[in-house]
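Enquirer: Here it is, the structure in full.
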Amino acid sequence: MTKIKETPDQKTIPETKKYKPTIVAFLCNWCSYAGADLAGVSRIQYAPNIRVIRVPCSGRVNPFYIVKALQNGVDGVLVSGCHPGDCHYISGNYYARRKFALLKRYLEYIGIEPERVQFSWVSASEGGRFAQIVEKVVNDVRKLGPNKSSIVKSLK
Amino acid sequence: MIKEIRQTVKQLFDQNNIDIFIGYTEGTLPLRKTPCFITKAEDVDKLVWDSFCTNNLTVYLPRFFVPKPREKEPKWPKVGILVSGCTGRSLVGLFKEKQVPRENIVIVGVPCDGVVDIKKIKGIEINEGSENKDAIIIKDKTGKEKEFKKDDLLADICVSCSCSVPPVHDYLTKGKGRVTMVPYTGVKEFEKMSREERWAYFEEQVSKCIRCYACRASCPNCWCKLCFVDHTLPQWTGITNNVSDVMFYHIGRIFHQAGRCVDCGACVAACPVDIDLRKFTYKLIEDVKVFYGYEAGLSLEELPPLSTYKPDDEQEFMTEP
Amino acid sequence: MKQRIIKKNKVMDLLSSLSESYRIYVAGEEKEISRFYEFNPEREILWDYSNTLIPAKEILFPQNQTLYEYRDQDITESNAKIPDTIIFGVRPCDAHAFTLMDKVFDTQEFQDPYYLKRHKATLIISLACNIPGIACFCTSFNSGPDGEKGSDIILHDLGEKLLVKSVTEKGEELLAKAGKDFSDPAQTDIDSKNKIMESAKQKISPQVNIANLKEKLDQAFDADFWDTLHRKCLGCAVCTYLCPTCHCFDITDETEKEVGRRIRCWDSCQFPLFTLHASGHNPRPTYKERMRQRIMHKFNYCPENFDHTFCVGCGRCVINCPVNLDIREVIKEING
C-alpha cells in the first residue's frame, strides 16, 4: 500500500510503509558534494534516501567500498565526481572512470542488478542536476526492491 | 626440446650467469611434474619439459627480491627461469610492477604446445600414466587401461592460447608453439543467461570455497605482502565460509587482477574444489581489451590500463538524469 | 569383539532405520567434491573411493564453529545439544586421526568442550581399504588399510557383503540393537578378508621411515636442508585444511550492534600471518620457517607432547598440493 505524502511545494514521493531504499552516496568534496550542498541551499526537494559520504576525490573511492556497502545491506550505491577535465586533483576522476567502468560491468556480469550501483558527474554549480540524479537513482532502486541477495551479510 | 633447455641451463651455470635456475622436474604422482630449483650444472638432467608442466613458475620470483631497506646495495641473486607463453607474460607483469628486477633474471623461453589438464580425466583415479606424441594412456587402481587424445585433454587456457612464445626472453628454444586458437566463448555465453541465473551460478561456484587461498598463493600477480583479506583495521571481509564473505573475497581478488591477469590458469589448477574462476577472471580480461585495447604482459613499455587514462575514455556506464 | 556379515544392499535400510535415532554422515560426492554429507537415501553410498577430499574431521571440528553468541544482554552458548551421531564409511586413516585429535583437545590441563561434546556423541563406522590410493602411506604409522584405531565398528568390503566387526563397547551395543539383517560370518568370509587386506598392504608404497626421525629432528632445527626444502611451497593452506590431524584454529568475533558471535575457524601455519605479533614482529617470516614448523610439528613436537607422530598417511596433502610438494620426499631427504 502506498501512502502519498502531500506537503506544499514537495514533489509527490510515493513511499511504501515497509521499504525505504537506502542509498550510500560517495561524493567528491570539490564538485559533487558542493553540488549537493547547492541543492540544499537552493531548497531543491529530492528524495531523502541517500546517505552522503564525502571523499576528497572520486578517484579515492576504493571499489571495495561499493562491494562492502552492498554487503552491509544498502540497496544502492552512487559515486559522483567532477566532470572529466575539471578534477580538483587534475586526473583523479579519469582514473576513477576507468576503475568504475570495469567494476560496474563486472558486478553486472556476476548478477548484481546494474541499477544498484551507479556513477555520475556533477559539478559544484549543478544543484538541480544533483537532485535529478538522486531522484533517478532512488527511483531505480525503489523499483528493484530491497537488497536481499546473498551478498548481504546480516547476523540478526 | 628438453636437450636444448638442459644445454642452455648448463651453459648459464658454466658461465656463472646465474645462481639458481627454476624449472620443472618429475613429480611423485603419475604424470605430474613439479617445480624444481637447481643450483649447479650437474643437476640440469633433472629438468624436464612436457605437457604436464603446468605450474606458473614466476610466482616464486618475488620472494628472491624482497626489499632490504637497511642494506644500501642488496645482494640479490641472479635467477634463471623457464617460461612458456603465458608464464612469460606473467613475468612481464612482474617486471612492470617492479616486483622483480629485469637485470637479475635470465629468461629461457620455450614455445609452448599447450598443457594437459589432468582434472579433465573425471571419475578415474590415476594409478599410472604415460604420454606419447598424441595420446595420454592411464591405468586406474584395478589395472584397467584407458587412452585419451591429448587434444581432448588440453587445458582450457591452452585451447584459447593467444601467445605461446614468451614476449620477453634471453634465450628461446626451437619450436613454433601452439598456433591454433579457439577463442574462449564462456564469457559471451554467460552474458546470455538471465541475471538471476548468473547470480545463482556465481553463488553456487563460490560457495564451494574452503578459503584455502591456493588461488591467491599460486597467482604471480598476488604478490602483496598483506592481502586485503588479512586486513583487520578495517576488516574487509570475515574469515569464515559465510557465503557473503566468500563472495567478497572472490570479487575482490578477481577485481584486483583487472588489467593484470594473463589467463595462465594457475588459480584454476590450484583450486582443490574446482571453482570455475576463469569464467569470472576472463570477463575483466575481455573488458580491458575492448575498452582500453590492452592485453596484460605483452609489452614492457605499455602502461597498465588502470595506471593511465585518456581524456576521451568511454563513459557509457555513467548515469545521466 | 564379535564379527557379523551384512549384505551390501541391506546397508541403505540399516542406515535409514538408524537415521531415526542418529544423525548420520556418509561419504558422498556432490558437485565433484567428496566429503561427509548428511545421510540421504537418494545419494549413493561410495564403496570404492580412495578417500574423501575433505576429511571427516570437519564433523567433529567444523571449519566454522560458533562458540557463543549474544543478542542484547543474552548470551547463548552454541553448544547446547549435540544429537547422537554416526559417521559412516570413514577410512582407517581418518579414524586413526581422531585418536590424535583427542590427544590435543582432551589434555590434563584443558578439555575442549566444543570438540569433546561432539566426539562423545559420535560413533565412527570405518570402512577398510581394499585398494589403497595412489598416495597412501598409512602403514608407516602403526596403522594400515585395516587399522582399527579410532573406530567403533569396522567394515570390510567383500564384494556383495560386508564383514562387520565391532571394535569398542559402543560399537557392539549399536550392532546388537540394530541387528535384524546381520548373520554370522563363514570361515571363507574371514579368509577372503584376510586375503584382500594382505594384497592391500602390499600395494602401499613408498613407505616413510619414521624410526629415529624424532631424534634426528631434535638436533635439526638449524640444519641446512631447511633452506632448500621449502622452495616449492606456495604458502596456501590446502595441505593443512585437508589434513585429518591438523587442528590449528583462529577465533574471530563478528558483531553487528546488538548481535554478535564468536566463531572458531580453521587456520593454517602456512599463512604468513599465522605468527604475526601485534608488534609487527613475525618469528616465522618466510616460507622456510613455516615449512620447518609444519614438519617439526608433525614429526617432532607432537611426538614429544603427545607420543605420536601427527600424520596418518592418508595422502591428501600429496595429491592436492598445487605444486606436488610431497611430504614423503621431504622426510626421505631429512632422513638422508
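By order of appearance in the C-alpha cells: chains A, B, ..., then residues from 1 within every chain, and ligands from 1 in the order shown.
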Residues at most 8 Å from region 82-92 of chain A, counting only C-alpha atoms, excluding those fewer than 6 positions away in the same chain, as a PyMOL selection string?

Expert: (chain A and resi 28+30-32+57-60+121-123) or (chain B and resi 311)

Enquirer: What are the residues of chain C that have an atom within 8 Å of an atom of chain B, counting only C-alpha atoms, as a list in words?

Expert: Glu32, Ile33, Gln63, Asn64, Ile131, Gly133, Ile134, Ala135, Arg231, Lys232, Leu234, Gly235, Cys236, Ala237, Val238, Tyr241, Thr252, Glu254, Cys265, Leu273, Ile319, Asn320, Cys321, Pro322, Val323, Asn324, Leu325 and Asp326 of chain C

Enquirer: Would you mind reading off the distance between CA of Arg89 (chain B) and CA of Met1 (chain B), one decimal, in Å?

Expert: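 One can read the CA of Arg89 (chain B) to CA of Met1 (chain B) distance as 20.7 Å.
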
Enquirer: So which residues of region 15-257 of chain C fall under strand (DSSP E) by DSSP, listed as an NGL selection string?

Expert: :C and (23-30 or 33-38 or 64-71 or 74-77 or 85-90 or 122-127 or 153-157 or 161-166 or 249-256)

Enquirer: Should the cut-off be 10 Å, what would the residue list for chain C against chain A look like, counting only C-alpha atoms, as an mmCIF file with C-alpha atoms, in the first residue's frame?

Expert:
data_model
loop_
_atom_site.group_PDB
_atom_site.id
_atom_site.type_symbol
_atom_site.label_atom_id
_atom_site.label_comp_id
_atom_site.auth_asym_id
_atom_site.auth_seq_id
_atom_site.Cartn_x
_atom_site.Cartn_y
_atom_site.Cartn_z
ATOM 1 C CA GLU C 69 26.507 -15.617 20.502
ATOM 2 C CA ARG C 71 21.780 -10.779 21.449
ATOM 3 C CA GLU C 254 31.603 -10.854 14.199
ATOM 4 C CA THR C 255 29.362 -8.206 15.604
ATOM 5 C CA GLU C 256 26.517 -6.067 14.364
ATOM 6 C CA LYS C 257 25.374 -3.683 17.078
ATOM 7 C CA GLU C 258 23.257 -5.716 19.450
ATOM 8 C CA VAL C 259 24.021 -9.092 17.907
ATOM 9 C CA GLY C 260 27.338 -10.842 17.770
ATOM 10 C CA ARG C 261 29.047 -14.180 17.578
#

Enquirer: What are the residues of chain B lining chain A at 9 Å or less? Count only C-alpha atoms, and put the answer as a PyMOL selection string.

Expert: chain B and resi 187+190-191+194-203+236-237+242-245+247-248+251-252+255+258+280+283-284+287-288+291-292+305-321

Enquirer: Next, write the just-selected residues to a file, as a short mmCIF file (atom, residue, chain, number, x, y, z; two decimals), in the first residue's frame, keeping C-alpha atoms as the atom set.

Expert:
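Final file, part_32.cif:
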data_model
loop_
_atom_site.label_atom_id
_atom_site.label_comp_id
_atom_site.auth_asym_id
_atom_site.auth_seq_id
_atom_site.Cartn_x
_atom_site.Cartn_y
_atom_site.Cartn_z
CA VAL B 187 32.00 -15.01 -21.10
CA PHE B 190 27.41 -16.43 -19.63
CA GLU B 191 26.18 -12.98 -20.58
CA SER B 194 19.47 -14.10 -17.16
CA ARG B 195 20.64 -12.04 -14.20
CA GLU B 196 19.17 -14.48 -11.70
CA GLU B 197 20.86 -17.41 -13.43
CA ARG B 198 24.21 -15.65 -13.45
CA TRP B 199 23.99 -14.80 -9.77
CA ALA B 200 22.89 -18.34 -8.94
CA TYR B 201 25.90 -19.74 -10.82
CA PHE B 202 28.30 -17.32 -9.17
CA GLU B 203 26.89 -18.18 -5.77
CA TRP B 236 37.06 -6.02 4.69
CA THR B 237 35.58 -9.45 4.92
CA ASN B 242 29.86 -17.37 5.23
CA VAL B 243 28.79 -17.09 1.59
CA SER B 244 28.71 -13.30 1.66
CA ASP B 245 32.29 -13.16 2.94
CA MET B 247 31.84 -13.68 -2.36
CA PHE B 248 33.61 -10.57 -1.19
CA ILE B 251 35.03 -10.45 -6.17
CA GLY B 252 37.91 -8.62 -4.55
CA PHE B 255 38.89 -7.42 -9.48
CA ALA B 258 41.82 -6.17 -13.66
CA PHE B 280 34.96 -14.50 -13.89
CA LYS B 283 35.32 -11.03 -18.12
CA LEU B 284 37.83 -8.46 -16.91
CA ASP B 287 36.58 -5.70 -20.95
CA VAL B 288 40.10 -4.33 -20.66
CA PHE B 291 37.65 -0.62 -23.81
CA TYR B 292 41.33 0.12 -23.47
CA PRO B 305 45.26 0.35 -18.08
CA LEU B 306 44.40 1.43 -14.52
CA SER B 307 47.59 3.46 -14.21
CA THR B 308 46.74 5.70 -17.10
CA TYR B 309 43.81 7.35 -18.80
CA LYS B 310 42.63 9.05 -21.95
CA PRO B 311 40.52 12.19 -21.77
CA ASP B 312 38.03 10.57 -24.12
CA ASP B 313 37.69 7.18 -22.37
CA GLU B 314 34.25 5.70 -22.81
CA GLN B 315 31.67 6.58 -20.21
CA GLU B 316 28.51 4.90 -21.39
CA PHE B 317 28.07 3.30 -18.00
CA MET B 318 27.58 6.68 -16.28
CA THR B 319 24.17 7.79 -15.11
CA GLU B 320 22.55 10.77 -16.73
CA PRO B 321 19.34 12.17 -15.23
#

Enquirer: Between CA of Asp263 (chain B) and CA of Tyr282 (chain B), what distance in Å does the model show, to one decimal?

Expert: 7.3 Å

Enquirer: Do you know which residues are at most 6 Å from Leu47 (chain B) counting only C-alpha atoms, after dropping those on the same chain fewer than 3 positions away, and could you put them as an NGL selection string?

Expert: :B and (24-25 or 44)

Enquirer: Using only C-alpha atoms, what table do you get, as a Markdown table, when you list each residue of region 104-193 of chain C with an atom no more than 9 Å from region 73-83 of chain C, its nearest pair of atoms, and their distance in Å rounded to one decimal, rows by chain then rising number?

Expert:
| residue | atom | partner | partner_atom | distance |
| --- | --- | --- | --- | --- |
| C:Pro113 | CA | C:Asn79 | CA | 8.4 |
| C:Tyr114 | CA | C:Asn79 | CA | 6.6 |
| C:Lys117 | CA | C:Ile82 | CA | 7.1 |
| C:Arg118 | CA | C:Ile82 | CA | 6.3 |
| C:Ala121 | CA | C:Pro83 | CA | 6.7 |
| C:Thr122 | CA | C:Pro83 | CA | 8.5 |

Enquirer: Quote the spacing between CA of Glu215 (chain C) and CA of Cys302 (chain C) in Å to one decimal place.

Expert: 12.5 Å
